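Engineer: Have a look at this one before I ask anything.
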Amino acid sequence: MHYNEHTDLSIYHLTHFPESYNPTEKRVHYPTIFALHGHGSNERDLIGLSESLQENLLWVSGRGPVEFASDAYDWYPVNQFGKPDPVLLNQALERIDNFITELLITYPIDPQKFFLLGFSQGSMISMTYLLTHPWRLAGVVAQSGYIPRENNLLVDEEKVKGKPVIMTHGFEDSRMPLEWSLQTRDLLLKFGVDLEYHNFHMDHAISAESLGVVRSWLNKRI
């Protein structure tokens, strides 16, 4: 699978275009996945999922702007596990919002079929972004993540109602407590999100089984 590297926008990223993509055809716009990796990972972590999901998707996989270690990045500085600094989290959301604006200008994206797909920290960023900027997204694929309970987020309660989200989480997740996932499930339901929730017998991971339900969920929306 071939991926293209891009350094020209505010976040370094990889792209993968559908096989049918023709750069001379300006009228065609594609359903798009913007993938956000987890803590201490990088842009190469999730884009390989493109081989397991729908072929007509345009993929953008970003690199978190905060260097954690060599070739390991975060979307915001992690000072305390499970309790992101509200200021730093909001700065991360602003960077994501700015980058999404750039993406919609730069690539042949169908803005009505623009999804975030996150894992772990990337999942948390994806879901918090949905709560604060729901009008910009068609939905969220949230894998092994949570929404921090103490965050001072300005939730757009009117526009987030009915927004599609699928959550997957391992019963045996040793990194992100299952309880946090269940609390997030209940919070999203409280806000009226159109939530599909699944647990699987797996650790802090993505499995063939969890990808299967994601693929089925996307089938209904693209």
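Letters A, B, ... go to the chains of the structure tokens in the order shown; residues in each chain start at 1; ligands are counted from 1 in the same order.
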Give me the residues near A:His201 as a list in words, where near means some atom within 9 Å (using only C-alpha atoms) and where sequence neighbours in that chain fewer than 5 positions away do not count.
Structural biologist: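 Once the nearby chain positions are removed, what remains is His169, Gly170, Phe171, Glu172 and Asp173 of chain A.
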Engineer: Fewer than 5 positions away in the same chain doesn't count, so skip those; otherwise give me all residues within 8 Å of stretch 79-93 of chain A, counting only C-alpha atoms, as a list in words.
Structural biologist: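 In the requested form, the answer reads Ile125, Tyr129, Pro148, Glu150, Asn151 and Asn152 of chain A.
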Engineer: Go ahead and dump the residues you just picked, C-alpha atoms, as a PDB file, in the first residue's frame.
Structural biologist:
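And here is the file that came out, out-v3.pdb:
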```
ATOM      1  CA  ILE A 125      -9.388  13.862  20.934  1.00  0.00           C
ATOM      2  CA  TYR A 129     -13.793  17.399  19.097  1.00  0.00           C
ATOM      3  CA  PRO A 148     -12.200  13.006  30.402  1.00  0.00           C
ATOM      4  CA  GLU A 150     -13.163  17.057  34.206  1.00  0.00           C
ATOM      5  CA  ASN A 151     -12.567  19.061  31.072  1.00  0.00           C
ATOM      6  CA  ASN A 152     -14.602  22.304  30.911  1.00  0.00           C
TER       7      ASN A 152
END
```
Engineer: Give me, as a list in words, all polymer residues having an atom no more than 8 Å from stretch 119-121 of chain A, counting only C-alpha atoms and skipping those fewer than 4 positions away in the same chain.
Structural biologist: Leu36, His37, Gly38, His39, Asp74, Trp75, Ile125, Ala142, Gln143, Ser144, Gly145, Tyr146 and Met176 of chain A
Engineer: Using only C-alpha atoms, what table do you get, as a tab-separated table, when you list each residue of stretch 75-146 of chain A with an atom no more than 12 Å from stretch 17-21 of chain A, its nearest pair of atoms, and their distance in Å rounded to one decimal, rows by chain then rising number?
Structural biologist:
```
residue	atom	partner	partner_atom	distance
A:Tyr107	CA	A:Phe17	CA	9.9
A:Pro108	CA	A:Tyr21	CA	9.4
A:Ile109	CA	A:Phe17	CA	10.6
```
Engineer: Okay, now the selection with N, CA and C atoms, as a PDB file, in the first residue's frame?
Structural biologist:
```pdb
ATOM      1  N   TYR A 107      -7.740  18.897  -0.252  1.00  0.00           N
ATOM      2  CA  TYR A 107      -7.997  17.567  -0.811  1.00  0.00           C
ATOM      3  C   TYR A 107      -9.454  17.429  -1.270  1.00  0.00           C
ATOM      4  N   PRO A 108      -9.722  16.474  -2.178  1.00  0.00           N
ATOM      5  CA  PRO A 108     -11.088  16.275  -2.697  1.00  0.00           C
ATOM      6  C   PRO A 108     -11.972  15.526  -1.704  1.00  0.00           C
ATOM      7  N   ILE A 109     -12.275  16.185  -0.598  1.00  0.00           N
ATOM      8  CA  ILE A 109     -13.025  15.603   0.512  1.00  0.00           C
ATOM      9  C   ILE A 109     -14.493  15.969   0.399  1.00  0.00           C
TER      10      ILE A 109
END
```
Engineer: Quick one: residues within 7 Å of A:Gly40, only C-alpha atoms counted, chain neighbours fewer than 3 positions away excluded, as an MDAnalysis selection string?
Structural biologist: chainID A and resid 68 72:74
Engineer: Taking 6 positions as the minimum chain separation for residues in the same chain, which residues sit within 8 Å of A:Tyr30 when counting only C-alpha atoms? Answer as a ChimeraX atom specification.
Structural biologist: /A:56-58,108-110,113
Engineer: With only C-alpha atoms as the atoms that count, which of A:Ser210, A:Thr32, A:Thr128, A:Ser41 lies nearest to A:Gln112?
Structural biologist: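 Smallest separation from A:Gln112 among the options: A:Thr32.
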Engineer: Would you mind reading off the distance between atom CA of A:Leu14 and atom CA of A:Asp45, one decimal, in Å?
Structural biologist: 10.7 Å
Engineer: Any idea what the distance is between atom CA of A:His204 and atom CA of A:Ser174?
Structural biologist: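 Taking atom CA of A:His204 as the start and atom CA of A:Ser174 as the end point, the length is 6.2 Å.
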Engineer: Quick check, in Å to one decimal: how far apart do atom CA of A:Leu103 and atom CA of A:Tyr197 lie?
Structural biologist: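 It comes out at 28.6 Å.
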Engineer: I need the residue nearest A:Phe200 from this list: A:Asn219, A:Thr184, A:Thr24, A:Thr168. Use only C-alpha atoms for the distance.
Structural biologist: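 With only C-alpha atoms as the atom set, the closest residue is A:Thr168.
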Engineer: So which residues of stretch 8-165 of chain A fall under alpha helix (DSSP H) by DSSP, listed as a ChimeraX atom specification?
Structural biologist: /A:86-106,121-132,157-160
Engineer: Could the residues in this selection be saved with C-alpha atoms as a PDB file, in the first residue's frame?
Structural biologist:
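Listing of selection.pdb after writing:
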```pdb
ATOM      1  CA  PRO A  86      -7.929  21.717  30.010  1.00  0.00           C
ATOM      2  CA  VAL A  87      -5.887  24.538  28.440  1.00  0.00           C
ATOM      3  CA  LEU A  88      -3.573  22.136  26.619  1.00  0.00           C
ATOM      4  CA  LEU A  89      -6.515  20.001  25.490  1.00  0.00           C
ATOM      5  CA  ASN A  90      -8.337  23.031  24.095  1.00  0.00           C
ATOM      6  CA  GLN A  91      -5.178  24.100  22.272  1.00  0.00           C
ATOM      7  CA  ALA A  92      -5.010  20.634  20.721  1.00  0.00           C
ATOM      8  CA  LEU A  93      -8.646  20.895  19.612  1.00  0.00           C
ATOM      9  CA  GLU A  94      -7.919  24.297  18.027  1.00  0.00           C
ATOM     10  CA  ARG A  95      -4.973  22.801  16.104  1.00  0.00           C
ATOM     11  CA  ILE A  96      -7.185  19.967  14.896  1.00  0.00           C
ATOM     12  CA  ASP A  97      -9.892  22.429  13.843  1.00  0.00           C
ATOM     13  CA  ASN A  98      -7.402  24.542  11.897  1.00  0.00           C
ATOM     14  CA  PHE A  99      -5.967  21.455  10.214  1.00  0.00           C
ATOM     15  CA  ILE A 100      -9.428  20.242   9.190  1.00  0.00           C
ATOM     16  CA  THR A 101     -10.029  23.614   7.520  1.00  0.00           C
ATOM     17  CA  GLU A 102      -6.778  23.123   5.597  1.00  0.00           C
ATOM     18  CA  LEU A 103      -7.725  19.567   4.623  1.00  0.00           C
ATOM     19  CA  LEU A 104     -11.090  20.606   3.205  1.00  0.00           C
ATOM     20  CA  ILE A 105      -9.391  23.231   1.042  1.00  0.00           C
ATOM     21  CA  THR A 106      -6.515  20.991  -0.073  1.00  0.00           C
ATOM     22  CA  GLN A 121      -5.490   9.418  23.006  1.00  0.00           C
ATOM     23  CA  GLY A 122      -6.564   9.967  19.397  1.00  0.00           C
ATOM     24  CA  SER A 123      -9.955   8.509  20.251  1.00  0.00           C
ATOM     25  CA  MET A 124     -10.301  10.903  23.158  1.00  0.00           C
ATOM     26  CA  ILE A 125      -9.388  13.862  20.934  1.00  0.00           C
ATOM     27  CA  SER A 126     -11.881  12.670  18.298  1.00  0.00           C
ATOM     28  CA  MET A 127     -14.791  12.409  20.725  1.00  0.00           C
ATOM     29  CA  THR A 128     -14.080  15.702  22.490  1.00  0.00           C
ATOM     30  CA  TYR A 129     -13.793  17.399  19.097  1.00  0.00           C
ATOM     31  CA  LEU A 130     -17.183  15.967  18.138  1.00  0.00           C
ATOM     32  CA  LEU A 131     -18.770  17.422  21.279  1.00  0.00           C
ATOM     33  CA  THR A 132     -17.312  20.875  20.627  1.00  0.00           C
ATOM     34  CA  GLU A 157     -25.573  20.206  22.855  1.00  0.00           C
ATOM     35  CA  GLU A 158     -27.987  21.142  20.076  1.00  0.00           C
ATOM     36  CA  LYS A 159     -25.842  20.130  17.083  1.00  0.00           C
ATOM     37  CA  VAL A 160     -24.290  17.025  18.691  1.00  0.00           C
TER      38      VAL A 160
END
```
Engineer: Counting only C-alpha atoms, what is within 6 Å of A:Gly192, bar same-chain residues fewer than 3 positions away, as a list in words?
Structural biologist: Lys161, Gly162 and Leu189 of chain A
Engineer: Can you list, as JSON, numbers by chain, every protein, DNA or RNA residue that comes within 8 Å of A:Arg185 when you count only C-alpha atoms, leaving out same-chain residues fewer than 3 positions away?
Structural biologist: {"A": [167, 181, 182, 188, 189, 195, 197]}
Engineer: Give me a file of those residues, with N, CA and C atoms, as a PDB file, in the first residue's frame.
Structural biologist:
```pdb
ATOM      1  N   MET A 167     -18.106   3.230  19.222  1.00  0.00           N
ATOM      2  CA  MET A 167     -17.036   3.006  20.199  1.00  0.00           C
ATOM      3  C   MET A 167     -16.733   1.517  20.289  1.00  0.00           C
ATOM      4  N   SER A 181     -14.538   3.876  29.617  1.00  0.00           N
ATOM      5  CA  SER A 181     -15.277   3.718  28.369  1.00  0.00           C
ATOM      6  C   SER A 181     -16.786   3.692  28.625  1.00  0.00           C
ATOM      7  N   LEU A 182     -17.189   2.979  29.666  1.00  0.00           N
ATOM      8  CA  LEU A 182     -18.617   2.898  29.995  1.00  0.00           C
ATOM      9  C   LEU A 182     -19.158   4.257  30.444  1.00  0.00           C
ATOM     10  N   LEU A 188     -22.167  10.238  26.263  1.00  0.00           N
ATOM     11  CA  LEU A 188     -22.594  10.480  24.881  1.00  0.00           C
ATOM     12  C   LEU A 188     -24.092  10.245  24.718  1.00  0.00           C
ATOM     13  N   LEU A 189     -24.606   9.210  25.370  1.00  0.00           N
ATOM     14  CA  LEU A 189     -26.039   8.944  25.305  1.00  0.00           C
ATOM     15  C   LEU A 189     -26.834  10.080  25.956  1.00  0.00           C
ATOM     16  N   LEU A 195     -25.235   6.565  19.158  1.00  0.00           N
ATOM     17  CA  LEU A 195     -24.072   5.770  19.561  1.00  0.00           C
ATOM     18  C   LEU A 195     -24.280   4.278  19.317  1.00  0.00           C
ATOM     19  N   TYR A 197     -22.160   0.960  20.462  1.00  0.00           N
ATOM     20  CA  TYR A 197     -21.104   0.648  21.438  1.00  0.00           C
ATOM     21  C   TYR A 197     -20.824  -0.855  21.454  1.00  0.00           C
TER      22      TYR A 197
END
```
